[in-house]
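Shown next, in C-alpha cells, is the structure this report addresses.
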Number of protein chains: 6
Amino acid sequence: MHPSLAPLIDRNAFIGGCDKVSSIIGAERIGKKAEGTMPHSLLLLLGEERGWKMYDQVVEKGTMRVALVDTYGDEKEASIRAAKTIKGLDAVRLDTPSSRRGNFPDIVREVRWELDRRGFRNVGIIVSGGIREEDIEALKEAGATGFGVGTAISSASAIDFAMDIVQIEGEDKTKKGKFSGNKNVFRCPECHSFLVSTEKEENCPRDGKRMENVMVKMIDRGKALYREDLEGTRNYVLEQLGWYELSS
Amino acid sequence: MHPSLAPLIDRNAFIGGCDKVSSIIGAERIGKKAEGTMPHSLLLLLGEERGWKMYDQVVEKGTMRVALVDTYGDEKEASIRAAKTIKGLDAVRLDTPSSRRGNFPDIVREVRWELDRRGFRNVGIIVSGGIREEDIEALKEAGATGFGVGTAISSASAIDFAMDIVQIEGEDKTKKGKFSGNKNVFRCPECHSFLVSTEKEENCPRDGKRMENVMVKMIDRGKALYREDLEGTRNYVLEQLGWYELSS
Amino acid sequence: MHPSLAPLIDRNAFIGGCDKVSSIIGAERIGKKAEGTMPHSLLLLLGEERGWKMYDQVVEKGTMRVALVDTYGDEKEASIRAAKTIKGLDAVRLDTPSSRRGNFPDIVREVRWELDRRGFRNVGIIVSGGIREEDIEALKEAGATGFGVGTAISSASAIDFAMDIVQIEGEDKTKKGKFSGNKNVFRCPECHSFLVSTEKEENCPRDGKRMENVMVKMIDRGKALYREDLEGTRNYVLEQLGWYELSS
Amino acid sequence: MHPSLAPLIDRNAFIGGCDKVSSIIGAERIGKKAEGTMPHSLLLLLGEERGWKMYDQVVEKGTMRVALVDTYGDEKEASIRAAKTIKGLDAVRLDTPSSRRGNFPDIVREVRWELDRRGFRNVGIIVSGGIREEDIEALKEAGATGFGVGTAISSASAIDFAMDIVQIEGEDKTKKGKFSGNKNVFRCPECHSFLVSTEKEENCPRDGKRMENVMVKMIDRGKALYREDLEGTRNYVLEQLGWYELSS
Amino acid sequence: MHPSLAPLIDRNAFIGGCDKVSSIIGAERIGKKAEGTMPHSLLLLLGEERGWKMYDQVVEKGTMRVALVDTYGDEKEASIRAAKTIKGLDAVRLDTPSSRRGNFPDIVREVRWELDRRGFRNVGIIVSGGIREEDIEALKEAGATGFGVGTAISSASAIDFAMDIVQIEGEDKTKKGKFSGNKNVFRCPECHSFLVSTEKEENCPRDGKRMENVMVKMIDRGKALYREDLEGTRNYVLEQLGWYELSS
Amino acid sequence: MHPSLAPLIDRNAFIGGCDKVSSIIGAERIGKKAEGTMPHSLLLLLGEERGWKMYDQVVEKGTMRVALVDTYGDEKEASIRAAKTIKGLDAVRLDTPSSRRGNFPDIVREVRWELDRRGFRNVGIIVSGGIREEDIEALKEAGATGFGVGTAISSASAIDFAMDIVQIEGEDKTKKGKFSGNKNVFRCPECHSFLVSTEKEENCPRDGKRMENVMVKMIDRGKALYREDLEGTRNYVLEQLGWYELSS
C-alpha cells in the first residue's frame, strides 16, 4: 500500500487484534514499540550464520530473536543450524518463496519435528509471505506459532457505506432505495443480534431481552462529538471474537 | 478510500486515461479544474425541478450541465422532465440504486429512446454507482455517453512487486526464488513484447527486430534519478491502449 | 396459454390452493366470483390519480381495492400517493418490470416501511409479474401479502404418465420396462408414505400401521366410475400441505 | 397435454415442419390424413409375430408399414424377425424404455448393421419416446430415418409476449419498461436481420439494402384483419430453416 | 490385467473380502476351489435353452447354478425362461451391455418382480460388467444378490509408498520431505485411530486408552521376518469393515 | 507395481518411445543396457559432495553422470555445487518432494538461469517424481532436458477389449451389443483414419484413397501366427507420433 497509509494500517491492524506493528510512526501513534525481523538482504550480505550471530549481538535485550531460514537452502536444515547458532533463539521465520511452497503446513510440520527431535522445543515457528486468513488454521495445526500477515490486511476489500438524508425539518424524506426517518441501532445483550428501528426502546425478537441502544451520534450541527478510545475499541473487538467462538 | 489518498487516486486515474477528476486538491496537482455533478441531497432539499433550475443558474457558464434523475421516480420519466426544465442540458445522470437495477442497459436504452422521440438527441446519458470495467461495453452499446467510476478504480487490487539484491560487489548473488545478475528490459518496437536479459542488446525472438532497452535507473547510490512527466505518461498509456485494440 | 385452456387452468389452480381466479368462465365452473385488478392501460388513459379514483368509484362495494403503482414512477413514491388517494385502500400492486427489478424483496421492504411510517399499516402489498415458487418465501418475508402468479402455474411442466396392460385374461403380462400384475396403492395413515403392491392388505414397513388402500377404479369395462368433488379435492390438497409442513 | 389442445398442437407441429400428424380431428383441420403406428397393447394381446402379420393384413395399401420391436426382447433380434415377417416392411419402430436405453444411438447402429447384413437395407428405423431436439443429430447419424416426437413439441415452453399501449390520441405514451410510439418491423432481404423502428422506411445497417416492412396490422378498431394461410406459413418456416443452414 | 498377475489379484481379492475367485491357479494358491459362470459363447453355440440345460447336466452337484440371461433378448423375459428351464436354479446373471443399461437397478427391480410373481423367490440375481464400488448399494437395494466385479478390483489405483533412511548409526538423519528418527505405529483399541510416534508407548489422544503398538519389523539385517497368514489377514480386514459400519 | 511385472513394463515403455529402462532383467529382454541414477540413500550415507565424487569415480566411463540435488538444501544452490564438484557433469536430477514443489517449472527455470550464469550451459536438468504427461510441456519449456517418469507409465489405465464370436459355421451370429460378421480393419495411407468393414477392399471416405487392410490374424485353429518385432513396433509408434505432430 502507499506509504502515507502505513500508520493508518498499523492502527487498524492493532485495533483488529494484531499483537505487533512494524512501522515506526505507526507504532508511535498507538503508543507501542515497533518490532520486526531481519531482511533477506542481511543474510545475502553477511552469509546466514554470520548474519544470525551479528543480529543476536546487536538487537537489544528483551526483543524477540527471530532467525530467517529460507534464504539459500531448505527450511528444515537451516532451522536446525539457526537453533544451534543463536542460543535462546525465540523463533525461526519461514518466508518460503511460492515456487518452493508445495505444501506449507507440511514444511512447518517437518521443521517442528526436527527441532523437537534435537531438543529445541522452545523455538517457535513464524510463517510469512502472502498468508491469507484461510491459511492460518492449517498452519497453526501444523505447528506455526506466529503469523506475519501483510497484503491480506493492508489491502482488505473496502466496505461500502453511505451518509443519507432521512428527515428534513422533522418530516420523513429520503431518496428511493433508502428508508426514511430517524433510527436507532439496538443490540441484544444475550444473543448479540442487531435491530434497526425508529423506536426508542426494543426487546429482542429472538429472546425477549431488553436491547441496548448502541447508536452513537458522531456529529451534531457540524460539531464532532466522538473521540476515539484505542484500547477500548481493541478490547471490544477481541470480546466480540470471543462471542463468535462461543456460538459457532 | 481514505481521504488522504484522494489526490493520489485522482493522479493515477488521470494517467490511466480518465477525462476528469473531482477532488479539488487532486485536480490542482495535475493542473486541471475539478468537475462534478449534483448530489441527491440537493434534490431532496429543494425538490427535483427547483433543484435542477437553481443548479443551472448557479454553476458557471462553460461547465457541463448534468441533471441527476433517479431520486424519486423512474429514470425515464425524470429524464424527460429534466430535459424540458434545463435548456441546453448536457446530460442526465442515472445513479439508479441496485434494488431498482434489474437490467441497467435496458433502462439506458429506454431513456435514450424517449429523449430521442422528443428531440433531445444532444442530451447525453451518464451512468454511475458501482460501475465495473466489465459493465461498460454493454452500457455504451445501450447509449451511455459517460461513466462515473469510483470503487472499481480507487480500490483496484494491489500489484505485488519486490526490490531484490541480485549482485554484491560484482558477484551474482541472490536468495532462492530470484534470478541473480544485473538485467536489462527490452521491448520490441514491432510486436511490443518484452524480454528480460543480462545482455546489453537483444533482437526480438519473434520477428528479429533490434529491441529497445526500456530499463530506467531510478536510484543511483541513494540519489533519485527519475522525474515524472505526467502528460507524457498518460499519452504513453493511451498509445498502448491503441496497440491492444489493433492487435486484438 | 391458449384461451381454450383458461377454465381448466382456473379449476386446477383453485384445487391446488389458490384463493381467487380471474377468468369469468373459469370462476363460474367452480361456483366462485371472478376477481382481478386494474390494468396499466387504465392508468395510461386516465393518469394515475384519476384512474385510481374512478376505479374506486366504479368497482362494487365489498370487492378488494388494489391500486397498481408501477406505471410511471417509483413504486415507493406511487404507493404513498395511492394510499392517500383511495380511502380504505386494501392493497397496492407491484408489477415492476424486470429491468427495474434489481432486488424485488428490497423494493417491497421499502414500500412497507414508508407505508407504515405514514400510518398505512392496513394497506397490503400484492406482487405480480413472473413470480416463481422459489421467489415467494423471500417476498413474503419482505412484507408481500398477496401473490399474482400466472406463468409458473399455467405453464407448469407436464407430468408423464402412461396407461399399461399388466394382465390379460387373468394372466400377468406386460411389456419390458413395466411391472406385471394387478396392483393396489396403499397409504399409511401415520407417516403418509405410499406402497404399491399386488396384495389386498398391507402394513406400513416403517411403523407397522395397517395401511389404507387408496386405489380408485376409474373405468370398468368402458364405463366411467369416478365423479369429481371439487371442494373435497381442494381440502385434501390443503390437508396434505399441512403434513409436509409438519414433517419438514 | 389436455386432449382439447390436440388439434391445435397438430396444426402447430405441421406448420413448424413435421411431416405427419396422428390425431384424426387435427389431421382434418389441416386437410391431411392422420397416420400412426401400432401400440404395444396390440402385440401384448396377439403376440409379436401374429400382431405384425395382422397389422400388415388390415392396414390399407399405401400406408407405411412400421413394426414396433421393443415389446418383449431386444430391439436387434426383434427387428430381424419383423423384417422377415412382413414382406416389404417400411420401418421398425424403437420405443425402447429408458431403463434399457444406455446408449440409444448405439442400439440404432446395431439394428442398422444387422438389417443390412441380412439384405434389409430398405427397412427404415423410426425412434420414439422422449426424443428431444438435441438427441436427433446423433440418432440420425447412427442410422435413424424417422423421429416420433411428442412431449418436446407439445409441451414446449411458453413464449411471453404482451400487448401494450404506446400511443394515445397521437401522443407517444407508455408505461415504464416499454418503448413509446408506433413502430414498424423491417427485415433485410439479404441477411434476414430484423429492425424495429418508428420510421416508414429503413436500410439494413449491416449491408445497406432497402429493408422490407413485415409489420402486419391484425386488428383495426376491434375488427380482425388477418386470415391464416396454412401451407404458406409452413413454407415460410421451412424457407427460414434453409436460411439458418446456409448461414451457420 | 496381465495374466501373470491373475493369481496375485485373486489372492488380494480374497483377502479384501470377496467370497470366490475364478482363476484355477489363484484358487489353488489360497486353498479354495475356483468357481465361475457360463460364457456368452456357450449360448451362442448351443442356443439359450439348450445351453442352460446342458450346463445344468454337466456341472458337478453342489456348485451354484447360474444362468446367463442377456445374450439375445431382454433380461426380464429370459430370466423367466431360465427359471422355468433349470429346476432349482440358484441365480440368473445379468451382464447387460452398456448400450442397453439405461437404468440397471430398474432392470434388476423388474426381474425381481417378475420372478417373484411366478414363485421363483429363491432365484438370486447376479450382476456383472463394469460394476463399480459406488454402483453396488443401489443394485443391492434393487434386489441384486451377487456382484461379479472385475476391472474395479484388478485395476485399482496404486498406493504410493516409499522406503526411507531415517537414522544412520544411531543418529537421526533423513532427506528433506521426510521425518527423521525410528518410529512406532500405535492403534487405539477403542476408537481405532492411528498415531505415529518415536515413543515406545502411547495413550490415545482422543480417549486416553493405552494404545497397541502395531509396528511389524519385516526385515532385519537382510533377513525376512514376516510370514503371511492368509485367513488371519482376511478376517482382520472383515473385522475392520465391521468397525466402519459401526462408526459411520 | 508388482515386481513380477517390471520386465513387461520396461518392454512396453521402450516400445512406447522411452529412451532408457532401469530394471536389469527388463533391459536384457529388449537387448539394451540398464541405466539409472544415484539414490538419496547414497548421499545420506556419504554426504552430498563426497557422494557425488565417489559416484563419478566408480561409474564406468561412457555412462551419463547425473547428480541428485534435492536431498538437503535448495535445488538451485546444490546444482551449482554439483556442477563445480563433478567435472563434465551431464545433468542434475531434481526429485523435489511435493511439499517443496510450489511451482516446479519455476524451480527448473531458476536452476537453468544460475547454471548458465556460471558457464554450465552443457549441464542438463532431469526432473523426476510423480511427473505426469500433462506436466511435461511446461517443464520442457522451463528448461528440463530429461524426464524420469514412473507411476504415470507403469500404472496407466487399463484399456478394455473383448474377444467375441461374430460368426458360427459361416453364419453371422453374435450377442446383443456386438456387430455380427467377419470384419477387416482398413487404414488410409493419406489421412491415417481407420474404417472397420465386412468388405475386402475399401476407399477412404474422406479422400477417396485406396485404404490398406491392417487386419492381422493372430491365431488360426488354435495356432499362434503372430511374432513380435520389438524395434519395428517401436519405430511404428514413433512414426505415428510424427503423424500427430504434423496434423495438430
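All residue names refer to the C-alpha cells as shown: chains lettered A, B, ... in order, residues numbered from 1 in each chain, ligands numbered from 1 in order.
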
Excluding same-chain residues fewer than 2 positions from Arg93 (chain E), what lies within 8 Å of it counting only C-alpha atoms, as a PDB file with C-alpha atoms, in the first residue's frame?
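Saved result, selection.pdb, follows:
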```
ATOM      1  CA  VAL E  66     -26.182 -69.507 -12.531  1.00  0.00           C
ATOM      2  CA  ALA E  67     -27.823 -68.832 -15.912  1.00  0.00           C
ATOM      3  CA  LEU E  68     -26.664 -66.012 -18.158  1.00  0.00           C
ATOM      4  CA  VAL E  69     -29.754 -64.122 -19.369  1.00  0.00           C
ATOM      5  CA  ASP E  70     -28.600 -61.186 -21.511  1.00  0.00           C
ATOM      6  CA  ALA E  91     -29.390 -67.349  -9.777  1.00  0.00           C
ATOM      7  CA  ASP E  95     -24.156 -58.913 -17.829  1.00  0.00           C
ATOM      8  CA  ILE E 125     -29.806 -62.072  -9.296  1.00  0.00           C
ATOM      9  CA  ILE E 126     -26.088 -61.683 -10.013  1.00  0.00           C
ATOM     10  CA  VAL E 127     -24.989 -58.526 -11.840  1.00  0.00           C
ATOM     11  CA  SER E 128     -21.678 -58.125 -13.652  1.00  0.00           C
TER      12      SER E 128
END
```

message: Among region 25-181 of chain B, which ones does DSSP assign to strand (DSSP E or B) (computed from the backbone)? Answer as number ranges by chain.
response: B: 66-68, 91-94, 124-128, 146-148, 167-168, 171-172

Selection export as a PDB file, in the first residue's frame, atoms kept: N, CA and C atoms:
```pdb
ATOM      1  N   VAL B  66     -25.321  18.640 -15.846  1.00  0.00           N
ATOM      2  CA  VAL B  66     -25.726  17.234 -15.738  1.00  0.00           C
ATOM      3  C   VAL B  66     -26.790  17.111 -14.654  1.00  0.00           C
ATOM      4  N   ALA B  67     -27.985  16.637 -15.018  1.00  0.00           N
ATOM      5  CA  ALA B  67     -29.080  16.550 -14.043  1.00  0.00           C
ATOM      6  C   ALA B  67     -29.226  15.121 -13.513  1.00  0.00           C
ATOM      7  N   LEU B  68     -29.276  14.994 -12.197  1.00  0.00           N
ATOM      8  CA  LEU B  68     -29.474  13.700 -11.540  1.00  0.00           C
ATOM      9  C   LEU B  68     -30.960  13.327 -11.672  1.00  0.00           C
ATOM     10  N   ALA B  91     -26.392  16.517 -20.099  1.00  0.00           N
ATOM     11  CA  ALA B  91     -26.603  15.082 -19.870  1.00  0.00           C
ATOM     12  C   ALA B  91     -27.489  14.872 -18.651  1.00  0.00           C
ATOM     13  N   VAL B  92     -28.109  13.686 -18.596  1.00  0.00           N
ATOM     14  CA  VAL B  92     -28.752  13.250 -17.357  1.00  0.00           C
ATOM     15  C   VAL B  92     -27.806  12.243 -16.713  1.00  0.00           C
ATOM     16  N   ARG B  93     -27.881  12.140 -15.372  1.00  0.00           N
ATOM     17  CA  ARG B  93     -27.065  11.126 -14.707  1.00  0.00           C
ATOM     18  C   ARG B  93     -27.978  10.112 -14.027  1.00  0.00           C
ATOM     19  N   LEU B  94     -27.744   8.823 -14.302  1.00  0.00           N
ATOM     20  CA  LEU B  94     -28.511   7.721 -13.706  1.00  0.00           C
ATOM     21  C   LEU B  94     -27.628   7.042 -12.669  1.00  0.00           C
ATOM     22  N   GLY B 124     -26.821  13.826 -23.322  1.00  0.00           N
ATOM     23  CA  GLY B 124     -26.089  12.580 -23.075  1.00  0.00           C
ATOM     24  C   GLY B 124     -26.648  11.822 -21.885  1.00  0.00           C
ATOM     25  N   ILE B 125     -26.156  10.611 -21.662  1.00  0.00           N
ATOM     26  CA  ILE B 125     -26.587   9.789 -20.520  1.00  0.00           C
ATOM     27  C   ILE B 125     -25.341   9.331 -19.762  1.00  0.00           C
ATOM     28  N   ILE B 126     -25.198   9.820 -18.536  1.00  0.00           N
ATOM     29  CA  ILE B 126     -24.050   9.421 -17.706  1.00  0.00           C
ATOM     30  C   ILE B 126     -24.552   8.424 -16.670  1.00  0.00           C
ATOM     31  N   VAL B 127     -23.860   7.294 -16.563  1.00  0.00           N
ATOM     32  CA  VAL B 127     -24.251   6.279 -15.577  1.00  0.00           C
ATOM     33  C   VAL B 127     -23.209   6.229 -14.478  1.00  0.00           C
ATOM     34  N   SER B 128     -23.660   5.963 -13.248  1.00  0.00           N
ATOM     35  CA  SER B 128     -22.710   5.877 -12.132  1.00  0.00           C
ATOM     36  C   SER B 128     -23.254   4.916 -11.088  1.00  0.00           C
ATOM     37  N   GLY B 146     -21.291   8.623 -20.828  1.00  0.00           N
ATOM     38  CA  GLY B 146     -20.261   8.918 -19.831  1.00  0.00           C
ATOM     39  C   GLY B 146     -20.382   7.949 -18.682  1.00  0.00           C
ATOM     40  N   PHE B 147     -19.301   7.771 -17.935  1.00  0.00           N
ATOM     41  CA  PHE B 147     -19.246   6.754 -16.889  1.00  0.00           C
ATOM     42  C   PHE B 147     -18.602   7.351 -15.639  1.00  0.00           C
ATOM     43  N   GLY B 148     -19.331   7.341 -14.548  1.00  0.00           N
ATOM     44  CA  GLY B 148     -18.756   7.797 -13.278  1.00  0.00           C
ATOM     45  C   GLY B 148     -18.303   6.585 -12.504  1.00  0.00           C
ATOM     46  N   GLN B 167      23.149  -8.773  -7.080  1.00  0.00           N
ATOM     47  CA  GLN B 167      24.595  -8.762  -7.275  1.00  0.00           C
ATOM     48  C   GLN B 167      25.221  -8.036  -6.080  1.00  0.00           C
ATOM     49  N   ILE B 168      26.310  -8.583  -5.551  1.00  0.00           N
ATOM     50  CA  ILE B 168      27.010  -7.914  -4.454  1.00  0.00           C
ATOM     51  C   ILE B 168      28.471  -7.758  -4.839  1.00  0.00           C
ATOM     52  N   GLU B 171      29.600  -9.654  -7.882  1.00  0.00           N
ATOM     53  CA  GLU B 171      29.355 -11.091  -7.966  1.00  0.00           C
ATOM     54  C   GLU B 171      27.854 -11.389  -7.937  1.00  0.00           C
ATOM     55  N   ASP B 172      27.404 -12.265  -8.849  1.00  0.00           N
ATOM     56  CA  ASP B 172      25.985 -12.662  -8.873  1.00  0.00           C
ATOM     57  C   ASP B 172      25.610 -13.296  -7.550  1.00  0.00           C
TER      58      ASP B 172
END
```

Per residue of chain C within 6 Å of chain D, what are the shortest atom pair and its distance in Å to one decimal, counting only C-alpha atoms, with rows by chain and residue number, as CSV?
```
residue,atom,partner,partner_atom,distance
C:Thr71,CA,D:Lys175,CA,5.0
C:Tyr72,CA,D:Lys176,CA,5.4
C:Pro97,CA,D:Gly177,CA,5.7
C:Lys175,CA,D:Thr71,CA,5.0
C:Lys176,CA,D:Tyr72,CA,5.4
C:Gly177,CA,D:Pro97,CA,5.7
```

task: List the neighbours of Trp113 (chain C) out to 9 Å using only C-alpha atoms; skip same-chain residues closer than 4 positions along the sequence, and give me the result as a VMD selection string.
output: (chain A and resid 179 to 180) or (chain C and resid 108 to 109 117 to 118)

message: List as a ChimeraX atom specification the protein and nucleic acid residues near Gly16 (chain E), meaning an atom at most 10 Å away when only C-alpha atoms are counted, but skip any in the same chain fewer than 6 places from it.
response: /E:10,153,233-238,241

message: Report as a ChimeraX atom specification all protein, DNA and RNA residues lying within 12 Å of Gly31 (chain A), evaluated on only C-alpha atoms, omitting residues in the same chain fewer than 6 positions from it.
response: /A:7,10-11,14,20-21,24-25,230-231

task: Tell me which protein, DNA and RNA residues are within 12 Å of Ala82 (chain D), counting only C-alpha atoms, leaving out same-chain ones fewer than 3 positions away, and put them as a ChimeraX atom specification.
output: /D:48-53,55-56,65-70,75-79,85-93,111,115,120,123

message: One number please: CA of Asn213 (chain D) to CA of Arg187 (chain D), in Å, one decimal.
response: 6.4 Å

Residues near Ser197 (chain B), cut-off 10 Å, only C-alpha atoms, skip fewer than 6 positions along chain, as a PyMOL selection string: chain B and resi 181-186

- request: Extract the full set of alpha helix (DSSP H) residues from region 5-135 of chain A according to DSSP on the backbone, and format it as an MDAnalysis selection string.
  value: chainID A and resid 6:15 24:29 40:46 48:58 75:85 104:117

message: One number please: CA of Ala162 (chain D) to CA of Glu137 (chain B), in Å, one decimal.
response: 29.0 Å
